[in-house]
file protein05.csv (CSV, C-alpha atoms and all ligand atoms)
chain,number,residue,atom,x,y,z
A,1,MET,CA,0.0,0.0,0.0
A,2,LYS,CA,1.6,3.2,-1.0
A,3,ILE,CA,0.6,6.8,-0.9
A,4,ILE,CA,1.0,8.8,-4.0
A,5,GLN,CA,1.1,12.6,-4.0
A,6,ASN,CA,-0.4,15.0,-6.5
A,7,TYR,CA,-2.3,12.2,-8.3
A,8,ASP,CA,-4.2,12.8,-11.5
A,9,LEU,CA,-7.9,11.8,-11.2
A,10,LYS,CA,-8.9,12.3,-14.8
A,11,LYS,CA,-9.1,8.5,-15.5
A,12,LEU,CA,-10.9,7.9,-12.2
A,13,ASN,CA,-14.0,9.9,-13.0
A,14,THR,CA,-16.3,9.0,-15.9
A,15,PHE,CA,-16.9,12.6,-16.7
A,16,GLY,CA,-13.2,12.7,-17.6
A,17,ILE,CA,-12.6,16.0,-15.7
A,18,SER,CA,-9.0,16.9,-14.9
A,19,ALA,CA,-8.4,17.3,-11.2
A,20,ARG,CA,-5.6,16.3,-8.8
A,21,ALA,CA,-5.6,14.7,-5.4
A,22,LYS,CA,-3.1,15.8,-2.7
A,23,PHE,CA,-2.8,12.2,-1.6
A,24,PHE,CA,-4.0,9.0,-3.3
A,25,ILE,CA,-4.1,5.4,-2.1
A,26,GLU,CA,-5.5,2.1,-3.3
A,27,ILE,CA,-7.1,-0.4,-0.9
A,28,GLN,CA,-6.6,-4.0,-2.1
A,29,ASN,CA,-7.8,-5.9,1.0
A,30,GLU,CA,-9.3,-5.4,4.5
A,31,LEU,CA,-5.8,-5.4,6.1
A,32,ASP,CA,-4.9,-2.4,4.0
A,33,LEU,CA,-8.0,-0.7,5.3
A,34,LYS,CA,-6.9,-1.2,8.9
A,35,GLU,CA,-3.5,0.2,8.1
A,36,LEU,CA,-5.1,3.1,6.3
A,37,PHE,CA,-7.0,4.3,9.4
A,38,LYS,CA,-3.7,4.7,11.3
A,39,LEU,CA,-2.0,6.8,8.6
A,40,PRO,CA,-1.4,10.5,9.5
A,41,GLU,CA,-2.2,11.4,5.9
A,42,PHE,CA,-5.6,9.8,6.4
A,43,LYS,CA,-6.3,11.1,9.9
A,44,ASP,CA,-5.3,14.7,9.1
A,45,ASN,CA,-6.9,15.2,5.8
A,46,GLU,CA,-10.3,15.5,4.1
A,47,LYS,CA,-11.2,12.0,2.7
A,48,LEU,CA,-12.9,11.0,-0.6
A,49,PHE,CA,-13.7,7.3,-1.2
A,50,LEU,CA,-13.9,6.4,-4.8
A,51,GLY,CA,-15.4,3.5,-6.6
A,52,GLY,CA,-15.9,3.8,-10.4
A,53,GLY,CA,-16.1,7.6,-10.2
A,54,SER,CA,-19.4,7.4,-12.2
A,55,ASN,CA,-21.5,9.7,-10.1
A,56,ILE,CA,-19.1,12.6,-9.3
A,57,LEU,CA,-18.1,15.9,-10.8
A,58,PHE,CA,-14.8,17.4,-9.7
A,59,MET,CA,-15.1,21.2,-9.4
A,60,LYS,CA,-11.4,21.7,-8.4
A,61,ASP,CA,-8.4,19.8,-7.2
A,62,PHE,CA,-9.1,17.7,-4.1
A,63,ASN,CA,-7.0,18.9,-1.2
A,64,GLY,CA,-7.2,15.7,0.8
A,65,ILE,CA,-6.8,12.0,0.4
A,66,VAL,CA,-8.6,9.9,-2.3
A,67,ILE,CA,-9.0,6.3,-1.4
A,68,LEU,CA,-9.8,3.9,-4.3
A,69,ASN,CA,-11.7,0.8,-3.3
A,70,LYS,CA,-10.2,-2.3,-5.0
A,71,LEU,CA,-11.5,-4.9,-2.6
A,72,LYS,CA,-12.3,-7.9,-4.7
A,73,GLY,CA,-14.2,-11.2,-4.3
A,74,ILE,CA,-17.7,-12.7,-4.7
A,75,GLU,CA,-18.8,-15.6,-2.6
A,76,ILE,CA,-21.9,-17.6,-1.9
A,77,LEU,CA,-22.8,-17.6,1.7
A,78,GLU,CA,-26.0,-19.6,1.7
A,79,GLU,CA,-28.0,-21.5,-0.8
A,80,ASN,CA,-31.0,-23.7,-1.1
A,81,SER,CA,-33.4,-24.8,-3.9
A,82,GLU,CA,-35.2,-21.4,-3.9
A,83,TYR,CA,-32.6,-18.7,-3.3
A,84,VAL,CA,-28.9,-17.9,-2.9
A,85,VAL,CA,-27.3,-15.3,-0.6
A,86,ILE,CA,-24.2,-13.8,-2.1
A,87,ARG,CA,-21.6,-11.4,-0.7
A,88,SER,CA,-19.6,-9.2,-3.0
A,89,MET,CA,-16.7,-7.0,-2.0
A,90,GLY,CA,-17.1,-3.3,-2.7
A,91,GLY,CA,-14.3,-2.9,-5.3
A,92,GLU,CA,-15.9,-5.4,-7.7
A,93,ILE,CA,-17.3,-3.8,-10.9
A,94,TRP,CA,-21.1,-3.7,-10.6
A,95,HIS,CA,-21.7,-5.4,-14.0
A,96,ASP,CA,-19.3,-8.2,-13.1
A,97,LEU,CA,-21.6,-9.1,-10.3
A,98,ILE,CA,-24.5,-9.1,-12.7
A,99,ILE,CA,-22.6,-11.5,-15.0
A,100,PHE,CA,-21.8,-13.7,-12.0
A,101,ALA,CA,-25.5,-13.9,-11.2
A,102,VAL,CA,-27.0,-14.3,-14.6
A,103,ASN,CA,-24.5,-16.9,-15.7
A,104,ARG,CA,-25.7,-19.0,-12.7
A,105,GLY,CA,-29.3,-18.4,-13.5
A,106,TYR,CA,-30.1,-16.2,-10.4
A,107,TRP,CA,-32.8,-13.6,-10.6
A,108,GLY,CA,-33.1,-10.2,-9.1
A,109,ILE,CA,-30.4,-7.8,-10.4
A,110,GLU,CA,-30.5,-8.4,-14.2
A,111,ASN,CA,-32.5,-5.2,-14.8
A,112,LEU,CA,-29.6,-3.3,-13.3
A,113,SER,CA,-27.2,-4.5,-16.0
A,114,LEU,CA,-24.5,-2.2,-17.3
A,115,ILE,CA,-24.9,0.5,-14.7
A,116,PRO,CA,-21.4,1.9,-14.5
A,117,GLY,CA,-19.5,1.9,-11.2
A,118,THR,CA,-18.6,-0.4,-8.4
A,119,VAL,CA,-20.5,-2.6,-6.0
A,120,GLY,CA,-19.5,-0.5,-3.0
A,121,ALA,CA,-21.0,2.6,-4.6
A,122,ALA,CA,-24.3,0.9,-5.4
A,123,PRO,CA,-26.0,1.3,-2.0
A,124,MET,CA,-25.0,5.0,-1.7
A,125,GLN,CA,-27.7,6.1,-4.1
A,126,ASN,CA,-29.7,2.9,-4.2
A,127,ILE,CA,-29.0,2.4,-7.9
A,128,GLY,CA,-32.0,1.7,-10.0
A,129,ALA,CA,-33.1,1.1,-13.6
A,130,TYR,CA,-35.9,-0.5,-15.6
A,131,GLY,CA,-38.2,-0.9,-12.7
A,132,VAL,CA,-35.8,-2.4,-10.2
A,133,GLU,CA,-33.7,-0.9,-7.4
A,134,LEU,CA,-30.8,-2.3,-5.4
A,135,LYS,CA,-32.9,-2.3,-2.2
A,136,ASP,CA,-35.2,-5.0,-3.7
A,137,THR,CA,-32.5,-7.7,-3.2
A,138,LEU,CA,-30.1,-6.2,-0.7
A,139,GLU,CA,-29.8,-7.9,2.7
A,140,ASN,CA,-27.0,-5.8,4.3
A,141,VAL,CA,-24.1,-3.5,3.8
A,142,GLU,CA,-20.8,-3.9,5.6
A,143,ALA,CA,-19.0,-0.6,6.3
A,144,TYR,CA,-16.1,0.7,8.4
A,145,ASP,CA,-16.5,3.6,10.7
A,146,ILE,CA,-13.6,5.8,9.5
A,147,LYS,CA,-13.1,7.4,12.9
A,148,THR,CA,-12.9,4.2,15.0
A,149,GLY,CA,-11.9,1.7,12.3
A,150,GLU,CA,-14.7,-0.6,13.6
A,151,LYS,CA,-16.8,-2.7,11.1
A,152,ARG,CA,-20.5,-2.4,11.3
A,153,ILE,CA,-23.2,-4.3,9.5
A,154,PHE,CA,-26.2,-2.3,8.4
A,155,LYS,CA,-29.4,-4.3,7.8
A,156,LYS,CA,-31.5,-3.2,4.8
A,157,ASN,CA,-33.9,-1.2,6.9
A,158,GLU,CA,-31.1,0.7,8.6
A,159,CYS,CA,-30.0,2.1,5.3
A,160,LYS,CA,-33.1,4.2,4.8
A,161,PHE,CA,-33.3,3.4,1.1
A,162,ASP,CA,-35.5,5.6,-1.2
A,163,TYR,CA,-35.4,6.8,-4.8
A,164,ARG,CA,-31.7,7.5,-5.4
A,165,TYR,CA,-31.2,7.9,-1.7
A,166,SER,CA,-29.7,6.1,1.4
A,167,ILE,CA,-28.4,7.0,4.8
A,168,PHE,CA,-24.8,7.0,3.4
A,169,LYS,CA,-25.6,10.0,1.2
A,170,ASP,CA,-27.0,12.0,4.0
A,171,GLU,CA,-26.6,11.5,7.8
A,172,LEU,CA,-23.6,9.2,7.4
A,173,LYS,CA,-22.0,11.0,4.5
A,174,SER,CA,-18.2,10.5,4.5
A,175,LYS,CA,-18.5,8.7,7.9
A,176,TYR,CA,-18.3,5.1,6.6
A,177,PHE,CA,-16.3,3.2,4.0
A,178,ILE,CA,-18.5,0.5,2.3
A,179,SER,CA,-16.5,-2.7,2.1
A,180,ALA,CA,-19.1,-5.3,1.0
A,181,ILE,CA,-22.7,-6.0,0.4
A,182,THR,CA,-24.9,-9.0,0.7
A,183,LEU,CA,-27.8,-9.8,-1.7
A,184,LYS,CA,-30.5,-12.4,-1.7
A,185,LEU,CA,-31.2,-13.6,-5.3
A,186,SER,CA,-33.9,-16.0,-6.4
A,187,LYS,CA,-33.2,-19.3,-8.1
A,188,ILE,CA,-36.9,-19.5,-9.1
A,189,GLU,CA,-37.9,-17.4,-12.1
A,190,LYS,CA,-38.8,-13.9,-10.9
A,191,LYS,CA,-38.9,-11.6,-13.9
A,192,ASN,CA,-39.7,-8.0,-13.8
A,193,ILE,CA,-40.5,-6.7,-17.3
A,194,ASN,CA,-43.2,-4.2,-16.5
A,195,TYR,CA,-41.0,-1.1,-17.3
A,196,LYS,CA,-42.6,0.4,-20.4
A,197,ILE,CA,-39.5,0.8,-22.5
A,198,LEU,CA,-38.2,-2.7,-21.7
A,199,GLN,CA,-41.6,-4.3,-22.3
A,200,GLU,CA,-41.9,-2.5,-25.7
A,201,TYR,CA,-38.4,-3.7,-26.7
A,202,LEU,CA,-39.2,-7.3,-25.9
A,203,GLU,CA,-42.5,-7.3,-27.7
A,204,LYS,CA,-41.1,-5.5,-30.8
A,205,ASN,CA,-38.2,-8.0,-31.1
A,206,LYS,CA,-40.4,-11.0,-30.1
A,207,ILE,CA,-38.0,-11.9,-27.4
A,208,GLU,CA,-39.2,-14.6,-25.0
A,209,ILE,CA,-37.6,-14.4,-21.6
A,210,LYS,CA,-36.3,-17.8,-20.6
A,211,ASN,CA,-33.7,-16.8,-18.1
A,212,SER,CA,-32.3,-13.8,-16.3
A,213,LYS,CA,-29.5,-13.4,-18.9
A,214,ASP,CA,-32.2,-12.7,-21.5
A,215,ILE,CA,-33.3,-9.7,-19.5
A,216,SER,CA,-29.7,-8.6,-18.9
A,217,ASP,CA,-29.0,-8.7,-22.6
A,218,ALA,CA,-32.1,-6.7,-23.4
A,219,VAL,CA,-31.4,-4.0,-20.8
A,220,ALA,CA,-27.7,-3.9,-22.0
A,221,TYR,CA,-29.0,-3.4,-25.6
A,222,ILE,CA,-31.4,-0.6,-24.6
A,223,ARG,CA,-28.8,1.2,-22.5
A,224,LYS,CA,-26.2,1.0,-25.2
A,225,SER,CA,-28.6,2.4,-27.8
A,226,LYS,CA,-29.3,5.6,-25.8
A,227,LEU,CA,-26.7,6.2,-23.1
A,228,PRO,CA,-23.3,7.4,-24.1
A,229,ASP,CA,-20.3,5.2,-23.3
A,230,PRO,CA,-18.1,7.1,-20.8
A,231,VAL,CA,-15.0,5.6,-22.4
A,232,LEU,CA,-15.9,7.4,-25.6
A,233,ILE,CA,-17.5,10.5,-24.2
A,234,GLY,CA,-17.3,11.8,-20.6
A,235,ASN,CA,-20.6,11.6,-18.7
A,236,ALA,CA,-22.0,10.4,-15.4
A,237,GLY,CA,-25.3,8.9,-16.5
A,238,SER,CA,-28.4,10.8,-15.4
A,239,PHE,CA,-27.2,14.2,-14.1
A,240,PHE,CA,-30.6,15.0,-12.6
A,241,LYS,CA,-33.2,13.0,-10.6
A,242,ASN,CA,-36.6,12.4,-12.0
A,243,ILE,CA,-39.4,14.5,-10.4
A,244,PHE,CA,-42.3,13.2,-8.3
A,245,VAL,CA,-45.6,15.1,-8.0
A,246,THR,CA,-49.0,14.7,-6.5
A,247,ASN,CA,-52.1,13.6,-8.5
A,248,GLU,CA,-53.5,17.0,-8.2
A,249,LYS,CA,-50.4,18.7,-9.6
A,250,MET,CA,-50.3,16.2,-12.5
A,251,GLU,CA,-53.8,16.9,-13.5
A,252,SER,CA,-53.1,20.6,-13.6
A,253,PHE,CA,-50.0,19.9,-15.8
A,254,LEU,CA,-52.1,17.8,-18.1
A,255,SER,CA,-54.6,20.5,-18.7
A,256,THR,CA,-51.7,22.7,-20.1
A,257,TYR,CA,-49.5,19.9,-21.5
A,258,PRO,CA,-51.8,17.0,-22.5
A,259,GLU,CA,-48.8,15.2,-24.0
A,260,MET,CA,-46.7,15.3,-20.8
A,261,PRO,CA,-45.5,11.8,-20.0
A,262,TYR,CA,-46.0,10.5,-16.5
A,263,PHE,CA,-45.8,7.1,-14.8
A,264,LYS,CA,-47.6,5.7,-11.9
A,265,GLU,CA,-47.3,2.0,-12.6
A,266,PRO,CA,-45.6,0.1,-9.8
A,267,ALA,CA,-42.4,-0.3,-11.8
A,268,ASP,CA,-41.9,3.4,-11.9
A,269,ALA,CA,-43.6,4.9,-8.9
A,270,LYS,CA,-42.9,2.2,-6.3
A,271,ALA,CA,-39.8,4.1,-5.3
A,272,MET,CA,-42.0,6.8,-3.9
A,273,SER,CA,-44.8,4.5,-2.7
A,274,GLY,CA,-46.5,5.7,0.5
A,275,LYS,CA,-45.7,9.3,-0.4
A,276,GLU,CA,-48.2,11.8,-1.7
A,277,GLU,CA,-45.9,12.7,-4.6
A,278,ASN,CA,-46.0,9.4,-6.3
A,279,ILE,CA,-46.4,10.3,-9.9
A,280,LYS,CA,-43.1,10.3,-11.8
A,281,ILE,CA,-42.5,12.9,-14.5
A,282,PRO,CA,-39.4,12.2,-16.5
A,283,ALA,CA,-37.0,15.0,-16.0
A,284,SER,CA,-35.6,14.2,-19.5
A,285,TRP,CA,-38.9,15.3,-21.0
A,286,LEU,CA,-38.9,18.6,-19.1
A,287,ILE,CA,-35.4,19.3,-20.3
A,288,GLU,CA,-36.1,18.3,-23.8
A,289,LYS,CA,-39.3,20.5,-23.8
A,290,CYS,CA,-37.1,23.5,-22.8
A,291,GLY,CA,-35.1,22.9,-26.0
A,292,TRP,CA,-31.9,21.5,-24.4
A,293,LYS,CA,-31.7,18.1,-26.0
A,294,GLY,CA,-28.6,17.8,-28.2
A,295,LYS,CA,-27.4,21.4,-27.4
A,296,ARG,CA,-23.7,22.1,-27.0
A,297,ILE,CA,-22.1,25.0,-25.2
A,298,GLY,CA,-18.3,25.0,-25.6
A,299,ASN,CA,-16.9,21.7,-24.3
A,300,VAL,CA,-20.1,20.5,-22.7
A,301,GLY,CA,-23.6,19.6,-23.8
A,302,VAL,CA,-26.9,17.7,-23.4
A,303,HIS,CA,-26.8,14.2,-24.9
A,304,GLU,CA,-28.8,14.0,-28.2
A,305,LYS,CA,-30.4,10.7,-27.2
A,306,GLN,CA,-31.1,11.1,-23.5
A,307,ALA,CA,-31.7,14.7,-22.2
A,308,LEU,CA,-30.9,13.7,-18.6
A,309,VAL,CA,-27.3,13.1,-19.5
A,310,LEU,CA,-24.8,15.9,-19.6
A,311,VAL,CA,-21.6,15.2,-21.5
A,312,ASN,CA,-18.0,16.4,-21.7
A,313,TYR,CA,-16.9,16.7,-25.3
A,314,GLY,CA,-13.3,16.9,-24.2
A,315,GLY,CA,-11.4,19.3,-22.0
A,316,ALA,CA,-14.4,20.5,-20.0
A,317,THR,CA,-14.0,21.8,-16.4
A,318,GLY,CA,-16.4,20.9,-13.6
A,319,GLU,CA,-17.4,24.6,-13.6
A,320,GLU,CA,-18.5,24.4,-17.2
A,321,VAL,CA,-20.7,21.3,-16.5
A,322,LYS,CA,-22.1,23.0,-13.4
A,323,ASN,CA,-22.9,26.2,-15.3
A,324,LEU,CA,-24.8,24.2,-18.0
A,325,SER,CA,-26.7,22.3,-15.3
A,326,GLU,CA,-27.7,25.6,-13.6
A,327,GLN,CA,-29.0,27.0,-16.9
A,328,ILE,CA,-31.1,23.9,-17.3
A,329,ILE,CA,-32.4,24.1,-13.8
A,330,THR,CA,-33.4,27.8,-14.4
A,331,SER,CA,-35.2,27.2,-17.6
A,332,VAL,CA,-37.1,24.1,-16.3
A,333,PHE,CA,-38.2,26.2,-13.3
A,334,SER,CA,-39.3,29.1,-15.3
A,335,LYS,CA,-41.3,27.0,-17.7
A,336,PHE,CA,-42.8,24.4,-15.4
A,337,GLY,CA,-42.3,25.7,-11.8
A,338,LEU,CA,-40.4,22.5,-11.0
A,339,THR,CA,-36.9,22.4,-9.4
A,340,LEU,CA,-34.6,19.8,-10.8
A,341,GLU,CA,-32.2,18.2,-8.3
A,342,ARG,CA,-28.8,17.0,-9.3
A,343,GLU,CA,-28.1,13.3,-8.8
A,344,VAL,CA,-24.4,13.7,-9.4
A,345,ASN,CA,-22.2,14.7,-6.4
A,346,LEU,CA,-20.2,17.9,-6.8
A,347,ILE,CA,-16.8,17.6,-5.2
B,401,LIG,N1,-37.8,10.9,-22.2
B,401,LIG,C1,-37.8,12.1,-22.9
B,401,LIG,N2,-36.7,12.6,-23.5
B,401,LIG,C2,-35.5,11.9,-23.4
B,401,LIG,C3,-35.5,10.7,-22.8
B,401,LIG,C4,-36.6,10.2,-22.2
B,401,LIG,O1,-38.9,12.8,-23.0
B,401,LIG,O2,-34.5,12.5,-23.9
B,401,LIG,C5,-39.0,10.5,-21.6
B,401,LIG,C6,-39.8,9.4,-22.3
B,401,LIG,O3,-41.2,9.7,-22.1
B,401,LIG,C7,-39.5,8.1,-21.7
B,401,LIG,C8,-39.3,8.5,-20.3
B,401,LIG,O4,-38.7,9.8,-20.4
B,401,LIG,O5,-40.5,7.2,-21.8
B,401,LIG,C9,-38.3,7.6,-19.5
B,401,LIG,O6,-37.1,7.5,-20.1
B,401,LIG,P1,-36.0,6.4,-19.7
B,401,LIG,O7,-36.6,5.1,-19.6
B,401,LIG,O8,-34.9,6.6,-20.6
B,401,LIG,O9,-35.6,6.8,-18.2
B,401,LIG,P2,-35.3,8.1,-17.4
B,401,LIG,O10,-36.5,8.2,-16.4
B,401,LIG,O11,-35.0,9.3,-18.2
B,401,LIG,C10,-34.2,6.7,-15.4
B,401,LIG,C11,-32.9,6.6,-14.6
B,401,LIG,C12,-31.8,6.0,-15.5
B,401,LIG,C13,-32.3,4.6,-15.9
B,401,LIG,C14,-33.6,4.7,-16.7
B,401,LIG,C15,-34.1,3.3,-17.0
B,401,LIG,C16,-33.0,8.5,-13.1
B,401,LIG,C17,-32.5,9.8,-12.6
B,401,LIG,N3,-32.6,7.9,-14.2
B,401,LIG,O12,-34.0,7.6,-16.5
B,401,LIG,O13,-30.7,5.9,-14.6
B,401,LIG,O14,-31.3,3.9,-16.6
B,401,LIG,O15,-34.6,5.4,-15.9
B,401,LIG,O16,-34.7,2.8,-15.9
B,401,LIG,O17,-33.9,7.9,-12.3
B,401,LIG,C18,-28.6,6.9,-14.0
B,401,LIG,O18,-29.1,7.0,-12.8
B,401,LIG,O19,-27.5,7.4,-14.2
B,401,LIG,C19,-29.4,6.4,-15.0
B,401,LIG,C20,-29.0,6.4,-16.3

call {"tool": "encode", "arguments": {"input": "protein05.csv", "output": "structure tokens"}}
result
Amino acid sequence: MKIIQNYDLKKLNTFGISARAKFFIEIQNELDLKELFKLPEFKDNEKLFLGGGSNILFMKDFNGIVILNKLKGIEILEENSEYVVIRSMGGEIWHDLIIFAVNRGYWGIENLSLIPGTVGAAPMQNIGAYGVELKDTLENVEAYDIKTGEKRIFKKNECKFDYRYSIFKDELKSKYFISAITLKLSKIEKKNINYKILQEYLEKNKIEIKNSKDISDAVAYIRKSKLPDPVLIGNAGSFFKNIFVTNEKMESFLSTYPEMPYFKEPADAKAMSGKEENIKIPASWLIEKCGWKGKRIGNVGVHEKQALVLVNYGGATGEEVKNLSEQIITSVFSKFGLTLEREVNLI
């Protein structure tokens, strides 16, 4: 384990923004982690834990220590004829865990295929796509208290999961290092194909779902056809969160904009079930309606196939991306009176 000074973070964030870290260190195993907690460079500096860097935007150099989670390993903890409990270390690539599951015929996370990032970052924002969220299969999260170095196991209900939200993003922000997660997956067919776009794709292509890999392949195809590959063009997936409104608000919108899309099927609105604001309006539609889709300003722009995604055409600064996001927030607010919230973390 070695500390590197003045480390270039450009390749460690999918936006491809140039920024430097005062100190940088990679964690390969749990022993490294114990060592890390004792280091003066760790104790005395601001800390940033990094996984795949797929949900952050660097605004400037990071004047502290960046810790890259490289903890690897996937194991089966328990298994019977109906389900399997698997534990994955946080430094595994999220999609590698999907491959592990679908190749063995396990059901539960296939709709989350190809989400960029690592396993350890997945609980932070309760990753979700195509009608499924991480919380649907998660059993617990293992995390180290960075002050005491003690390991704690958080049961699902202690994580306070919600739409793109968990306790680790809020009350416990920067207080814990997520080392591993445990999931319970089904060995019995449990398909979730209610998400409109997924259902339409399967019907159009006459795809019959025989196993979880079929769903994984379909989701991967849909994602590739509309989301830009961060290797080719810098981006962090959805830059904003979708918006949830009440029935009443939706009705009033529909009288002005009868074509406004909204979703209240379980697959889309379940994230907000129990709340009064349980109708989802796609933020991408609002942004598109304000004329932003495909627009480019200097080095940054709004992706031409998915208006929720901001892109770095090369050489952009965090400030440029933030400015663009602010212009979008302002125009959506003045047209619809709705305030977009960022999903990406500004550092
Ligand atoms: N739409 C537009 N314009 C666009 C794109 C979409 O009007 O440019 C409208 C359409 O009506 C479409 C609806 O938005 O039917 C939904 O579009 P889509 O299924 O592409 O999903 P989304 O709501 O825009 C969310 C997640 C994505 C996830 C997809 C699929 C958030 C913030 N984003 O996007 O997650 O892949 O659903 O489930 O919830 C991410 O978090 O980085 C991410 C990519």

call {"tool": "residues_around", "arguments": {"input": "protein05.csv", "residues": "Tyr163 of chain A", "least_positions_apart": "3", "cutoff": "12 Å", "atoms": "all atoms listed in the file", "output": "NGL selection string"}}
result
:A and (123-129 or 131-136 or 160 or 166-167 or 169 or 241-244 or 268-273 or 275 or 278 or 280 or 343)

call {"tool": "write_last_selection", "arguments": {"input": "protein05.csv", "atoms": "C-alpha atoms", "output": "mmCIF file, in the coordinates of the input"}}
result
data_model
loop_
_atom_site.group_PDB
_atom_site.id
_atom_site.type_symbol
_atom_site.label_atom_id
_atom_site.label_comp_id
_atom_site.auth_asym_id
_atom_site.auth_seq_id
_atom_site.Cartn_x
_atom_site.Cartn_y
_atom_site.Cartn_z
ATOM 1 C CA PRO A 123 -26.000 1.300 -2.000
ATOM 2 C CA MET A 124 -25.000 5.000 -1.700
ATOM 3 C CA GLN A 125 -27.700 6.100 -4.100
ATOM 4 C CA ASN A 126 -29.700 2.900 -4.200
ATOM 5 C CA ILE A 127 -29.000 2.400 -7.900
ATOM 6 C CA GLY A 128 -32.000 1.700 -10.000
ATOM 7 C CA ALA A 129 -33.100 1.100 -13.600
ATOM 8 C CA GLY A 131 -38.200 -0.900 -12.700
ATOM 9 C CA VAL A 132 -35.800 -2.400 -10.200
ATOM 10 C CA GLU A 133 -33.700 -0.900 -7.400
ATOM 11 C CA LEU A 134 -30.800 -2.300 -5.400
ATOM 12 C CA LYS A 135 -32.900 -2.300 -2.200
ATOM 13 C CA ASP A 136 -35.200 -5.000 -3.700
ATOM 14 C CA LYS A 160 -33.100 4.200 4.800
ATOM 15 C CA SER A 166 -29.700 6.100 1.400
ATOM 16 C CA ILE A 167 -28.400 7.000 4.800
ATOM 17 C CA LYS A 169 -25.600 10.000 1.200
ATOM 18 C CA LYS A 241 -33.200 13.000 -10.600
ATOM 19 C CA ASN A 242 -36.600 12.400 -12.000
ATOM 20 C CA ILE A 243 -39.400 14.500 -10.400
ATOM 21 C CA PHE A 244 -42.300 13.200 -8.300
ATOM 22 C CA ASP A 268 -41.900 3.400 -11.900
ATOM 23 C CA ALA A 269 -43.600 4.900 -8.900
ATOM 24 C CA LYS A 270 -42.900 2.200 -6.300
ATOM 25 C CA ALA A 271 -39.800 4.100 -5.300
ATOM 26 C CA MET A 272 -42.000 6.800 -3.900
ATOM 27 C CA SER A 273 -44.800 4.500 -2.700
ATOM 28 C CA LYS A 275 -45.700 9.300 -0.400
ATOM 29 C CA ASN A 278 -46.000 9.400 -6.300
ATOM 30 C CA LYS A 280 -43.100 10.300 -11.800
ATOM 31 C CA GLU A 343 -28.100 13.300 -8.800
#

call {"tool": "closest_residue", "arguments": {"input": "protein05.csv", "among": "A:Ala121, A:Leu232, A:Leu112, A:Ile76", "to": "ligand LIG 401 (chain B)", "atoms": "all atoms listed in the file"}}
result
A:Leu112

call {"tool": "atom_distance", "arguments": {"input": "protein05.csv", "atom1": "atom CA of Asp61 of chain A", "atom2": "atom CA of Asn29 of chain A"}}
result
27.0 Å

call {"tool": "closest_atom_pairs", "arguments": {"input": "protein05.csv", "of": "chain A", "to": "ligand LIG 401 (chain B)", "cutoff": "8 Å", "atoms": "only C-alpha atoms and all ligand atoms", "output": "CSV"}}
result
residue,atom,partner,partner_atom,distance
A:Asn55,CA,B:LIG401,O19,7.6
A:Ile115,CA,B:LIG401,C20,7.4
A:Ile127,CA,B:LIG401,O18,6.7
A:Gly128,CA,B:LIG401,O13,6.4
A:Ala129,CA,B:LIG401,O16,3.3
A:Tyr130,CA,B:LIG401,O16,3.5
A:Gly131,CA,B:LIG401,O16,6.0
A:Val132,CA,B:LIG401,O16,7.8
A:Tyr163,CA,B:LIG401,O17,7.7
A:Arg164,CA,B:LIG401,O17,7.3
A:Tyr195,CA,B:LIG401,O16,7.5
A:Lys196,CA,B:LIG401,O5,7.3
A:Ile197,CA,B:LIG401,O7,5.9
A:Arg223,CA,B:LIG401,O14,7.0
A:Lys226,CA,B:LIG401,O8,7.7
A:Leu227,CA,B:LIG401,C20,7.2
A:Ala236,CA,B:LIG401,O19,6.4
A:Gly237,CA,B:LIG401,O19,3.5
A:Ser238,CA,B:LIG401,O19,3.7
A:Phe239,CA,B:LIG401,O19,6.8
A:Phe240,CA,B:LIG401,C17,5.5
A:Lys241,CA,B:LIG401,C17,3.8
A:Asn242,CA,B:LIG401,C17,4.9
A:Met260,CA,B:LIG401,O3,8.0
A:Pro261,CA,B:LIG401,O3,5.2
A:Tyr262,CA,B:LIG401,O3,7.4
A:Ile281,CA,B:LIG401,O4,7.7
A:Pro282,CA,B:LIG401,O4,4.6
A:Ala283,CA,B:LIG401,O11,6.4
A:Ser284,CA,B:LIG401,N2,4.4
A:Trp285,CA,B:LIG401,O1,3.2
A:Leu286,CA,B:LIG401,O1,7.0
A:Ile287,CA,B:LIG401,N2,7.5
A:Glu288,CA,B:LIG401,N2,5.7
A:Lys289,CA,B:LIG401,O1,7.8
A:Lys293,CA,B:LIG401,O2,6.6
A:His303,CA,B:LIG401,O2,7.9
A:Glu304,CA,B:LIG401,O2,7.3
A:Lys305,CA,B:LIG401,O2,5.6
A:Gln306,CA,B:LIG401,O2,3.7
A:Ala307,CA,B:LIG401,O2,3.9
A:Leu308,CA,B:LIG401,O11,6.0
A:Val309,CA,B:LIG401,C20,7.6
A:Glu343,CA,B:LIG401,C17,6.8

call {"tool": "closest_residue", "arguments": {"input": "protein05.csv", "among": "A:Gly73, A:Gly149, A:Gly337, A:Gly105", "to": "Lys213 of chain A", "atoms": "all atoms listed in the file"}}
result
A:Gly105

call {"tool": "closest_residue", "arguments": {"input": "protein05.csv", "among": "A:Lys224, A:Arg342, A:Lys147, A:Lys184", "to": "Glu326 of chain A", "atoms": "all atoms listed in the file"}}
result
A:Arg342

call {"tool": "axis_aligned_box", "arguments": {"input": "protein05.csv", "around": "segment 130-142 of chain A", "padding_each_side": "4 Å", "output": "JSON"}}
result
{"center_x": -29.5, "center_y": -4.2, "center_z": -5.0, "size_x": 25.4, "size_y": 15.4, "size_z": 29.2}

call {"tool": "residues_near_point", "arguments": {"input": "protein05.csv", "point": "(-17.6, 18.4, -12.3)", "cutoff": "6 Å", "atoms": "all atoms listed in the file", "output": "list in words"}}
result
Leu57, Phe58, Met59, Gly318 and Val321 of chain A
